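**Q** Contents of structure.txt (compact mmCIF, C-alpha atoms and all ligand atoms) are given next:
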```
# COMPACT_ATOMS: atom_id res chain seq x y z
CA MET A 284 -32.25 -48.14 18.05
CA THR A 285 -35.45 -47.69 20.06
CA ARG A 286 -35.81 -45.36 23.02
CA GLU A 287 -35.89 -48.41 25.32
CA GLU A 288 -32.69 -49.84 23.81
CA GLU A 289 -31.04 -46.45 24.18
CA ARG A 290 -32.01 -46.36 27.86
CA ARG A 291 -30.25 -49.66 28.45
CA LEU A 292 -26.94 -48.38 27.08
CA PRO A 293 -24.12 -47.63 29.50
CA ASP A 294 -23.87 -43.95 30.32
CA ALA A 295 -20.85 -41.86 29.37
CA ALA A 296 -19.05 -42.55 32.63
CA GLY A 297 -18.87 -46.27 31.80
CA ALA A 298 -17.94 -45.75 28.19
CA ALA A 299 -14.27 -46.60 28.35
CA ALA A 300 -14.90 -50.12 29.60
CA VAL A 301 -17.56 -50.95 27.02
CA GLY A 302 -16.36 -49.31 23.80
CA GLY A 303 -19.63 -49.76 21.91
CA TYR A 304 -22.64 -47.47 21.76
CA VAL A 305 -22.90 -45.21 24.80
CA ARG A 306 -25.15 -42.47 26.05
CA ALA A 307 -23.86 -38.95 26.57
CA ARG A 308 -25.35 -35.54 27.19
CA ALA A 309 -25.38 -33.04 24.35
CA ALA A 310 -26.95 -29.64 23.63
CA VAL A 311 -29.33 -30.26 20.74
CA ALA A 312 -30.55 -27.47 18.45
CA ALA A 313 -33.95 -28.58 17.09
CA ALA A 314 -34.50 -25.64 14.74
CA ALA A 315 -33.01 -22.27 13.82
CA GLY A 316 -33.23 -19.94 16.80
CA ALA A 317 -34.88 -22.53 19.08
CA PRO A 318 -33.32 -22.71 22.55
CA LEU A 319 -30.80 -25.54 22.81
CA ARG A 320 -31.92 -28.49 24.91
CA VAL A 321 -29.62 -30.79 26.82
CA GLU A 322 -30.56 -34.34 25.78
CA GLU A 323 -29.22 -37.83 26.31
CA VAL A 324 -27.91 -38.80 22.90
CA THR A 325 -26.39 -42.03 21.61
CA VAL A 326 -22.76 -42.05 20.49
CA ARG A 327 -21.50 -44.93 18.38
CA ALA A 328 -18.11 -46.60 18.73
CA PRO A 329 -15.24 -45.19 16.69
CA GLY A 330 -14.87 -46.85 13.30
CA PRO A 331 -11.68 -47.50 11.33
CA GLY A 332 -9.40 -44.46 11.48
CA GLU A 333 -11.55 -42.78 14.13
CA VAL A 334 -11.22 -41.99 17.81
CA ARG A 335 -13.89 -41.21 20.39
CA VAL A 336 -13.09 -38.16 22.51
CA ARG A 337 -14.46 -37.23 25.94
CA LEU A 338 -14.71 -33.46 25.64
CA VAL A 339 -13.55 -31.16 28.43
CA ALA A 340 -14.41 -27.72 27.04
CA CYS A 341 -15.90 -26.05 23.98
CA GLY A 342 -15.71 -22.37 23.05
CA ILE A 343 -18.76 -20.74 21.48
CA CYS A 344 -17.66 -19.20 18.18
CA ALA A 345 -19.55 -16.52 16.24
CA SER A 346 -20.10 -19.15 13.55
CA ASP A 347 -22.10 -21.27 16.02
CA LEU A 348 -24.28 -18.26 16.73
CA HIS A 349 -24.59 -17.57 12.99
CA VAL A 350 -25.74 -21.07 11.99
CA TRP A 351 -28.01 -21.38 15.01
CA ARG A 352 -29.75 -18.14 14.04
CA THR A 353 -29.84 -18.63 10.24
CA GLY A 354 -29.76 -22.39 9.69
CA GLU A 355 -27.28 -21.79 6.86
CA GLY A 356 -24.89 -24.69 6.40
CA ILE A 357 -26.62 -26.97 8.90
CA ALA A 358 -29.59 -29.34 8.93
CA PHE A 359 -31.49 -29.53 12.23
CA PRO A 360 -31.65 -31.24 14.62
CA ALA A 361 -27.96 -30.73 15.16
CA VAL A 362 -25.31 -30.46 17.83
CA LEU A 363 -23.33 -27.23 17.41
CA GLY A 364 -19.91 -26.31 18.80
CA HIS A 365 -16.63 -26.70 16.92
CA GLU A 366 -13.94 -25.30 19.27
CA ALA A 367 -13.45 -28.33 21.43
CA ALA A 368 -10.71 -30.02 23.41
CA GLY A 369 -10.80 -33.29 25.32
CA VAL A 370 -9.22 -36.65 26.00
CA ILE A 371 -9.21 -39.69 23.70
CA GLU A 372 -11.56 -42.23 25.28
CA SER A 373 -11.37 -45.11 22.79
CA LEU A 374 -9.64 -45.99 19.52
CA GLY A 375 -11.22 -47.35 16.36
CA PRO A 376 -9.80 -50.34 14.47
CA GLY A 377 -6.48 -49.68 12.78
CA VAL A 378 -5.65 -46.50 14.69
CA ALA A 379 -1.94 -46.69 15.45
CA GLY A 380 0.32 -44.34 17.37
CA ARG A 381 -2.50 -42.85 19.41
CA ALA A 382 -3.43 -43.68 23.00
CA VAL A 383 -6.46 -43.65 25.23
CA GLY A 384 -5.95 -40.73 27.62
CA GLU A 385 -4.18 -38.55 25.04
CA ARG A 386 -5.20 -34.89 25.40
CA VAL A 387 -6.29 -33.34 22.11
CA VAL A 388 -7.83 -30.28 20.52
CA LEU A 389 -10.14 -30.92 17.57
CA ALA A 390 -9.49 -29.26 14.22
CA TRP A 391 -12.51 -29.14 11.92
CA ILE A 392 -10.38 -29.55 8.81
CA PRO A 393 -10.50 -33.33 8.22
CA ARG A 394 -7.15 -33.46 6.33
CA CYS A 395 -8.24 -36.60 4.46
CA GLY A 396 -4.81 -36.88 2.85
CA ARG A 397 -6.33 -38.08 -0.44
CA CYS A 398 -8.08 -35.11 -2.05
CA ARG A 399 -6.43 -32.73 -4.51
CA ALA A 400 -5.94 -30.01 -1.87
CA CYS A 401 -4.44 -32.37 0.72
CA ARG A 402 -2.11 -33.88 -1.87
CA ALA A 403 -0.93 -30.37 -2.71
CA GLY A 404 -0.24 -29.62 0.97
CA ARG A 405 -3.19 -27.20 1.23
CA THR A 406 -5.06 -29.17 3.84
CA HIS A 407 -7.19 -26.18 4.91
CA LEU A 408 -9.03 -26.65 1.60
CA CYS A 409 -9.62 -30.39 2.16
CA ALA A 410 -12.54 -31.52 0.00
CA ALA A 411 -13.83 -33.75 2.79
CA MET A 412 -14.73 -30.71 4.94
CA ARG A 413 -18.45 -30.52 5.74
CA THR A 414 -20.22 -27.82 7.73
CA ASP A 415 -22.97 -30.34 8.42
CA ALA A 416 -21.60 -33.83 8.78
CA ALA A 417 -24.64 -35.93 9.58
CA ASP A 418 -22.49 -39.04 9.78
CA GLY A 419 -24.74 -41.11 12.03
CA SER A 420 -22.33 -41.12 14.96
CA LEU A 421 -24.68 -39.02 17.10
CA THR A 422 -28.35 -39.96 17.31
CA LEU A 423 -31.33 -38.95 19.40
CA ALA A 424 -34.21 -41.42 19.68
CA GLY A 425 -33.00 -43.11 16.52
CA ARG A 426 -32.71 -39.89 14.54
CA THR A 427 -29.32 -38.85 13.14
CA LEU A 428 -28.08 -35.52 14.45
CA GLY A 429 -26.23 -33.01 12.30
CA ARG A 430 -22.68 -32.30 13.44
CA TYR A 431 -21.58 -28.75 12.87
CA MET A 432 -18.17 -28.66 11.15
CA GLY A 433 -17.99 -32.42 11.78
CA ILE A 434 -17.21 -31.70 15.43
CA SER A 435 -20.32 -31.13 17.61
CA GLY A 436 -18.31 -29.83 20.53
CA LEU A 437 -21.38 -29.33 22.73
CA ALA A 438 -21.49 -33.06 23.53
CA GLU A 439 -19.77 -35.07 26.24
CA LEU A 440 -18.46 -37.63 23.75
CA VAL A 441 -17.84 -37.36 20.01
CA VAL A 442 -16.40 -39.57 17.29
CA VAL A 443 -13.89 -37.89 14.97
CA GLY A 444 -11.27 -38.90 12.44
CA GLU A 445 -7.94 -39.44 14.17
CA ARG A 446 -6.34 -36.69 12.03
CA THR A 447 -8.89 -34.26 13.47
CA ALA A 448 -7.51 -34.83 16.99
CA ILE A 449 -4.30 -32.81 17.41
CA PRO A 450 -2.20 -33.61 20.52
CA VAL A 451 -1.95 -30.95 23.24
CA PRO A 452 1.19 -30.63 25.41
CA ALA A 453 0.70 -31.83 29.00
CA ASP A 454 1.33 -28.42 30.56
CA LEU A 455 -1.41 -26.53 28.67
CA PRO A 456 -4.97 -26.60 30.12
CA LEU A 457 -7.54 -27.95 27.66
CA PRO A 458 -10.10 -25.16 28.35
CA THR A 459 -7.37 -22.63 27.50
CA VAL A 460 -6.39 -24.16 24.17
CA CYS A 461 -9.80 -25.27 22.85
CA SER A 462 -10.06 -21.96 20.95
CA VAL A 463 -7.02 -22.99 18.88
CA GLY A 464 -9.44 -25.39 17.18
CA CYS A 465 -11.14 -22.50 15.36
CA GLY A 466 -11.05 -18.81 16.26
CA VAL A 467 -7.41 -18.43 17.28
CA THR A 468 -6.06 -20.29 14.27
CA THR A 469 -8.51 -18.55 11.93
CA GLY A 470 -7.50 -15.06 13.08
CA PHE A 471 -3.81 -15.65 13.71
CA GLY A 472 -3.48 -17.47 10.40
CA ALA A 473 -5.43 -14.80 8.48
CA ALA A 474 -2.78 -12.27 9.54
CA VAL A 475 0.36 -14.43 9.55
CA ILE A 476 -0.25 -17.16 6.95
CA THR A 477 -2.92 -15.93 4.48
CA GLY A 478 -2.02 -12.26 4.94
CA ALA A 479 1.72 -12.99 5.30
CA VAL A 480 2.26 -9.95 7.52
CA ARG A 481 5.90 -8.86 7.65
CA TRP A 482 7.74 -6.99 10.38
CA GLY A 483 7.35 -3.23 10.21
CA GLU A 484 4.07 -3.37 8.25
CA SER A 485 0.86 -1.60 9.17
CA VAL A 486 -2.27 -3.69 9.76
CA ALA A 487 -5.95 -2.88 10.28
CA VAL A 488 -8.31 -5.42 11.84
CA PHE A 489 -12.07 -4.95 11.39
CA GLY A 490 -13.99 -6.76 14.12
CA CYS A 491 -12.53 -7.55 17.55
CA GLY A 492 -14.22 -10.85 18.39
CA GLY A 493 -12.15 -13.97 18.97
CA VAL A 494 -10.95 -14.07 15.36
CA GLY A 495 -10.07 -10.36 15.12
CA LEU A 496 -8.28 -10.33 18.47
CA SER A 497 -6.27 -13.38 17.40
CA ALA A 498 -5.35 -11.59 14.15
CA ILE A 499 -4.13 -8.65 16.26
CA GLN A 500 -2.01 -10.97 18.39
CA GLY A 501 -0.62 -12.66 15.26
CA ALA A 502 0.29 -9.31 13.73
CA ARG A 503 2.00 -8.25 16.97
CA ILE A 504 3.98 -11.50 17.25
CA ALA A 505 5.00 -11.21 13.57
CA GLY A 506 6.38 -7.73 14.24
CA ALA A 507 3.80 -5.40 12.70
CA ALA A 508 4.69 -1.78 13.54
CA ARG A 509 1.17 -0.39 13.56
CA ILE A 510 -2.01 -2.36 14.34
CA VAL A 511 -5.31 -0.49 14.09
CA ALA A 512 -8.32 -2.20 15.71
CA VAL A 513 -11.83 -1.29 14.52
CA ASP A 514 -14.98 -2.29 16.42
CA PRO A 515 -18.11 -0.54 17.76
CA ASN A 516 -17.76 -2.27 21.16
CA ARG A 517 -15.53 -0.16 23.47
CA ALA A 518 -14.77 -3.04 25.87
CA ARG A 519 -13.53 -5.12 22.94
CA LEU A 520 -11.42 -2.20 21.71
CA ARG A 521 -9.80 -1.89 25.14
CA LEU A 522 -9.04 -5.61 25.05
CA ALA A 523 -7.58 -5.16 21.55
CA GLY A 524 -5.26 -2.52 23.00
CA ARG A 525 -4.10 -4.91 25.73
CA LEU A 526 -3.42 -7.62 23.14
CA GLY A 527 -1.33 -5.56 20.77
CA ALA A 528 -3.39 -2.96 18.86
CA THR A 529 -1.53 0.35 18.74
CA ASP A 530 -4.57 2.40 17.67
CA LEU A 531 -8.26 1.95 18.50
CA VAL A 532 -11.01 3.17 16.16
CA GLY A 533 -14.72 3.11 17.05
CA ALA A 534 -16.49 1.59 14.04
CA ASP A 535 -19.46 3.92 14.52
CA ASP A 536 -17.34 6.94 15.38
CA GLY A 537 -17.13 8.58 11.95
CA ASP A 538 -15.66 6.82 8.91
CA PRO A 539 -13.10 4.24 10.08
CA VAL A 540 -11.38 4.27 6.66
CA THR A 541 -10.65 7.99 6.98
CA ALA A 542 -9.37 7.42 10.52
CA ILE A 543 -7.07 4.60 9.37
CA GLN A 544 -5.73 6.66 6.46
CA ALA A 545 -4.94 9.51 8.85
CA LEU A 546 -3.11 7.16 11.22
CA THR A 547 -1.08 5.33 8.59
CA GLU A 548 0.05 7.81 5.93
CA GLY A 549 -2.79 6.93 3.57
CA GLY A 550 -3.57 3.29 4.29
CA VAL A 551 -2.37 -0.04 5.66
CA ASP A 552 -0.30 -2.82 4.13
CA LEU A 553 -2.70 -5.51 5.38
CA ALA A 554 -6.38 -5.29 6.34
CA ILE A 555 -8.22 -8.20 7.97
CA GLU A 556 -12.03 -8.35 7.83
CA ALA A 557 -13.48 -10.38 10.71
CA VAL A 558 -17.08 -9.17 10.73
CA GLY A 559 -18.84 -11.15 8.01
CA THR A 560 -20.49 -8.36 6.00
CA GLY A 561 -19.84 -7.01 2.53
CA ALA A 562 -19.68 -3.52 4.02
CA ALA A 563 -16.80 -4.53 6.30
CA VAL A 564 -14.93 -6.18 3.41
CA ARG A 565 -15.32 -2.97 1.39
CA GLN A 566 -13.97 -0.93 4.32
CA ALA A 567 -10.99 -3.28 4.65
CA PHE A 568 -10.24 -2.92 0.94
CA ASP A 569 -10.67 0.87 1.02
CA ALA A 570 -8.28 1.10 3.99
CA LEU A 571 -5.38 -0.33 1.94
CA ALA A 572 -2.34 1.61 0.83
CA PRO A 573 -1.25 1.00 -2.78
CA GLY A 574 0.11 -2.57 -2.92
CA GLY A 575 -1.91 -3.57 0.14
CA ARG A 576 -3.63 -6.91 0.79
CA ALA A 577 -7.11 -7.36 2.21
CA VAL A 578 -8.11 -10.71 3.75
CA ALA A 579 -11.81 -11.53 4.28
CA VAL A 580 -12.34 -14.12 6.99
CA GLY A 581 -15.72 -13.33 8.63
CA LEU A 582 -18.57 -15.78 8.02
CA PRO A 583 -21.26 -13.96 5.96
CA ARG A 584 -24.85 -14.78 5.08
CA PHE A 585 -24.73 -17.01 2.00
CA THR A 586 -26.31 -14.27 -0.12
CA GLU A 587 -23.88 -11.53 0.96
CA GLU A 588 -21.94 -9.83 -1.85
CA VAL A 589 -19.15 -7.27 -1.98
CA ARG A 590 -18.43 -4.59 -4.57
CA ILE A 591 -15.02 -3.00 -4.92
CA PRO A 592 -13.89 -0.21 -7.25
CA MET A 593 -12.08 -1.85 -10.14
CA ILE A 594 -9.77 1.10 -10.66
CA ALA A 595 -8.23 0.48 -7.23
CA LEU A 596 -7.00 -2.93 -8.38
CA LEU A 597 -4.61 -1.10 -10.71
CA LEU A 598 -2.80 0.12 -7.60
CA ASP A 599 -1.67 -3.43 -6.98
CA LYS A 600 -4.27 -3.99 -4.25
CA SER A 601 -5.62 -7.46 -3.66
CA LEU A 602 -8.56 -9.05 -1.89
CA ARG A 603 -8.61 -12.70 -0.94
CA GLY A 604 -10.49 -14.99 1.37
CA SER A 605 -9.17 -17.23 4.11
CA ILE A 606 -10.49 -20.35 5.79
CA HIS A 607 -9.06 -21.58 9.09
CA GLY A 608 -6.24 -19.10 8.61
CA SER A 609 -4.85 -21.19 5.72
CA ALA A 610 -3.31 -23.26 8.53
CA ASP A 611 -2.36 -26.93 8.66
CA PRO A 612 -3.34 -28.04 12.18
CA ALA A 613 -0.65 -30.71 12.45
CA ARG A 614 2.02 -28.23 11.40
CA ASP A 615 0.71 -25.04 13.00
CA PHE A 616 -1.08 -25.97 16.25
CA PRO A 617 2.25 -26.91 17.92
CA LYS A 618 3.64 -23.49 16.96
CA LEU A 619 0.62 -21.77 18.46
CA PHE A 620 0.97 -23.88 21.63
CA ALA A 621 4.60 -22.73 21.86
CA CYS A 622 3.50 -19.09 21.59
CA VAL A 623 0.95 -19.69 24.38
CA ARG A 624 3.58 -21.32 26.58
CA ARG A 625 6.03 -18.42 26.34
CA GLY A 626 3.24 -15.93 27.04
CA ALA A 627 3.25 -14.27 23.61
CA LEU A 628 -0.21 -15.52 22.64
CA ASP A 629 -2.76 -14.76 25.38
CA LEU A 630 -5.77 -17.04 25.03
CA GLU A 631 -7.25 -16.58 28.51
CA ALA A 632 -7.67 -12.82 27.97
CA MET A 633 -10.19 -13.65 25.23
CA ALA A 634 -11.87 -16.59 26.96
CA GLY A 635 -14.80 -17.01 29.30
CA PRO A 636 -16.93 -16.78 31.23
CA ASP A 637 -17.38 -20.52 31.70
CA TYR A 638 -20.78 -22.22 31.72
CA PRO A 639 -21.90 -25.77 32.51
CA LEU A 640 -23.69 -27.55 29.66
CA GLU A 641 -27.07 -26.86 31.28
CA ARG A 642 -26.44 -23.13 30.78
CA VAL A 643 -25.40 -23.35 27.12
CA ASN A 644 -28.15 -20.88 26.14
CA ASP A 645 -26.63 -18.31 28.50
CA ALA A 646 -23.28 -18.79 26.75
CA PHE A 647 -24.90 -18.11 23.37
CA ALA A 648 -26.69 -15.07 24.82
CA ALA A 649 -23.43 -13.64 26.20
CA LEU A 650 -21.80 -13.90 22.78
CA ALA A 651 -24.84 -12.40 21.05
CA ALA A 652 -24.89 -9.49 23.49
CA GLY A 653 -21.19 -8.83 22.99
CA THR A 654 -20.49 -9.10 26.72
CA ALA A 655 -18.16 -12.06 26.13
CA VAL A 656 -15.65 -12.67 23.33
CA ARG A 657 -15.37 -16.42 23.75
CA PRO A 658 -17.80 -17.91 26.28
CA ARG A 659 -16.85 -21.50 27.10
CA VAL A 660 -18.94 -24.52 27.95
CA VAL A 661 -17.07 -26.76 30.38
CA LEU A 662 -18.13 -30.41 29.99
CA ALA A 663 -15.74 -32.26 32.29
CA PRO A 664 -12.76 -31.58 34.56
CA ASP A 665 -9.39 -31.30 32.79
CA ALA A 666 -7.64 -34.49 33.86
ZN ZN B 701 -8.42 -33.75 1.89
ZN ZN B 702 -15.43 -21.01 14.56
```
Let me see whether you can do it: turn the structure in this file into structure tokens.

**A**
Amino acid sequence: MTREEERRLPDAAGAAAVGGYVRARAAVAAAAGAPLRVEEVTVRAPGPGEVRVRLVACGICASDLHVWRTGEGIAFPAVLGHEAAGVIESLGPGVAGRAVGERVVLAWIPRCGRCRACRAGRTHLCAAMRTDAADGSLTLAGRTLGRYMGISGLAELVVVGERTAIPVPADLPLPTVCSVGCGVTTGFGAAVITGAVRWGESVAVFGCGGVGLSAIQGARIAGAARIVAVDPNRARLRLAGRLGATDLVGADDGDPVTAIQALTEGGVDLAIEAVGTGAAVRQAFDALAPGGRAVAVGLPRFTEEVRIPMIALLLDKSLRGSIHGSADPARDFPKLFACVRRGALDLEAMAGPDYPLERVNDAFAALAAGTAVRPRVVLAPDA
């Protein structure tokens, strides 16, 4: 499509009536570290099994910041953002049981239903998952844009597989629940599903960003007796205390492992690493009591490695990874929504401030500076 043909397309506001290619605004990352630019991009119609979603809000996750800075797992130009919620705007051929106007949060696990993992009920390991899905549905001046995690939440309109769009109850605001698409599920699930925390256990959480704070809330809801939060940022530690941590440890305030051992009779039953460094994984492992489980969930540089003392494995300690909290969005998002509704899971305490799309670079800067846990870009009013 030429630039002139693109200009003649209906804009996003007229999209519902036309259903074909439309224009929409999106924040485009041209290269690693380059400021994002709001551009008019072209969005194709949804194909078989797909829906097109008019996005309302998108949280900025630490992974967005990571790929924007490093270029790992993405090919530029690309549209970042993968914590998005919106309203179904049009349906592709053969999509049944869904409706235009349905409010949804997007889950970046495609859940293809056909791969070995999906057939085994482990949809979080779906083989169709791509960090950079350059599927041709978003283009700029004829050039295909990369779509981070197959979502590209920093766009007004996106095309996704219908299984990616999980329905949201009518009484929950979309900007509130968009974080369920990634960080909340990743952290909550790391504690409750991957880590299988049981009531009365002791838990340490390394890193109090959106993922770590969600792990703390998951551990609290599951009945953990002791929850130790570790982070260098004092404001984040205070927030961790409000959300369920029983003990707060400054990551740069002496050796956090020694502090945790002193607080928990020698170590915790479950340690969650939500930092993304080998050093933090090692600390999580070292903080375990005999028989303890460590779960690594932070996104590292691709070259990052971790060393652990082999002798400690003989004490029945384990270390495992976790993606998307080992959750199945169709099964688990409704449970998380129920926790939000009864006030047990506080998403707004972690969210904001809100930015219009034009100020997307300010949202990234706030996350980078650690002044915000989950800055949000608001793309449209929540209908
Ligand atoms: Zn699959
Ligand atoms: Zn994320």

**Q** Counting all atoms listed in the file, what are the residues, protein, DNA or RNA alike, that approach ligand ZN 701 (chain B) to within 9 Å? I want them as a PDB file with C-alpha atoms, keeping the file's coordinate frame.

**A**
```
ATOM      1  CA  ILE A 392     -10.380 -29.550   8.810  1.00  0.00           C
ATOM      2  CA  PRO A 393     -10.500 -33.330   8.220  1.00  0.00           C
ATOM      3  CA  ARG A 394      -7.150 -33.460   6.330  1.00  0.00           C
ATOM      4  CA  CYS A 395      -8.240 -36.600   4.460  1.00  0.00           C
ATOM      5  CA  GLY A 396      -4.810 -36.880   2.850  1.00  0.00           C
ATOM      6  CA  ARG A 397      -6.330 -38.080  -0.440  1.00  0.00           C
ATOM      7  CA  CYS A 398      -8.080 -35.110  -2.050  1.00  0.00           C
ATOM      8  CA  ARG A 399      -6.430 -32.730  -4.510  1.00  0.00           C
ATOM      9  CA  ALA A 400      -5.940 -30.010  -1.870  1.00  0.00           C
ATOM     10  CA  CYS A 401      -4.440 -32.370   0.720  1.00  0.00           C
ATOM     11  CA  ARG A 402      -2.110 -33.880  -1.870  1.00  0.00           C
ATOM     12  CA  ARG A 405      -3.190 -27.200   1.230  1.00  0.00           C
ATOM     13  CA  THR A 406      -5.060 -29.170   3.840  1.00  0.00           C
ATOM     14  CA  HIS A 407      -7.190 -26.180   4.910  1.00  0.00           C
ATOM     15  CA  LEU A 408      -9.030 -26.650   1.600  1.00  0.00           C
ATOM     16  CA  CYS A 409      -9.620 -30.390   2.160  1.00  0.00           C
ATOM     17  CA  ALA A 410     -12.540 -31.520   0.000  1.00  0.00           C
ATOM     18  CA  ALA A 411     -13.830 -33.750   2.790  1.00  0.00           C
ATOM     19  CA  MET A 412     -14.730 -30.710   4.940  1.00  0.00           C
TER      20      MET A 412
END
```

**Q** For Gly464 (chain A), which of A:Ala313, A:Ile434, A:Leu640, A:Val326 is the closest residue, counting all atoms listed in the file?

**A** A:Ile434

**Q** Residues within 10 Å of Pro515 (chain A), please, as JSON, numbers by chain. Count all atoms listed in the file; anything in the same chain fewer than 6 positions from it doesn't count.

**A** {"A": [489, 490, 491, 532, 533, 534, 535, 536]}

**Q** Taking all atoms listed in the file into account, which residues have an atom no farther than 10 Å from ligand ZN 702 (chain B)? I'd like them as a PyMOL selection string.

**A** chain A and resi 342-349+364-366+391+432+462-469+493-494+581-582+607

**Q** Looking at all atoms listed in the file, which of A:Leu597, A:Ala621, A:Val660, A:Leu602 is the one that sits closest to Asp637 (chain A)?

**A**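 Closest candidate: A:Val660.
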
**Q** So that I can see what lies close to region 542-551 of chain A, please list as a list in words the residues with an atom at most 10 Å from it, counting all atoms listed in the file and leaving out residues fewer than 6 positions away in the same chain.

**A**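 Result of the neighbour search: Glu484, Ser485, Val486, Ala487, Arg509, Ile510, Val511, Ala512, Val513, Asp530, Leu531, Val532, Gly533, Ala534, Asp536, Ala567, Phe568, Asp569, Ala570, Leu571, Ala572, Pro573, Gly574, Gly575, Arg576 and Ala577 of chain A.
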
**Q** Quick one: of A:Leu338, A:Ala557, A:Val388, A:Val578, who's nearest to Leu455 (chain A), counting only C-alpha atoms?

**A** A:Val388

**Q** What are the centre and edge lengths in Å, to one decimal, of the axis-aligned box around all listed atoms of region 511-518 of chain A with 8 Å added on each side, as lines of an AutoDock Vina configuration file?

**A**
```
center_x = -11.7
center_y = -1.6
center_z = 20.0
size_x = 28.8
size_y = 18.9
size_z = 27.8
```

**Q** So that I can check the surroundings of Gly472 (chain A), please list as JSON, numbers by chain every protein, DNA and RNA residue that reaches within 9 Å of it, counting all atoms listed in the file and ignoring chain neighbours fewer than 3 positions away.

**A** {"A": [467, 468, 469, 475, 476, 477, 478, 479, 497, 498, 501, 605, 606, 607, 608, 609, 610]}

**Q** Rank nothing, just name the residue among A:Leu440, A:Ala310, A:Ala379, A:Ala340 nearest to Ala328 (chain A), using only C-alpha atoms.

**A**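 Comparing A:Leu440, A:Ala310, A:Ala379, A:Ala340 against Ala328 (chain A), the winner is A:Leu440.
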
**Q** Which residue is closest to Gly470 (chain A)? Choose from A:Leu457, A:Val540, A:Phe585, A:Leu619 and count only C-alpha atoms.

**A** A:Leu619

**Q** From the list A:Leu662, A:Ile555, A:Ala649, A:Val362, which residue is nearest Glu439 (chain A) when using only C-alpha atoms?

**A** A:Leu662

**Q** CA of Ala307 (chain A) and CA of Glu641 (chain A), how far apart in Å?

**A**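 The value is 13.4 Å.
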
**Q** To one decimal in Å, tell me the separation between CA of Ser601 (chain A) and CA of Ala505 (chain A).

**A**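 If I compute the distance from CA of Ser601 (chain A) to CA of Ala505 (chain A), I get 20.6 Å.
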
**Q** What is the CA of Val460 (chain A) to CA of Ala655 (chain A) distance in Å?

**A**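 For CA of Val460 (chain A) relative to CA of Ala655 (chain A), the distance reads 17.0 Å.
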
**Q** Give me the residues near Gly559 (chain A) as a ChimeraX atom specification, where near means some atom within 9 Å (using only C-alpha atoms) and where sequence neighbours in that chain fewer than 4 positions away do not count.

**A** /A:490,563-564,579-584,587
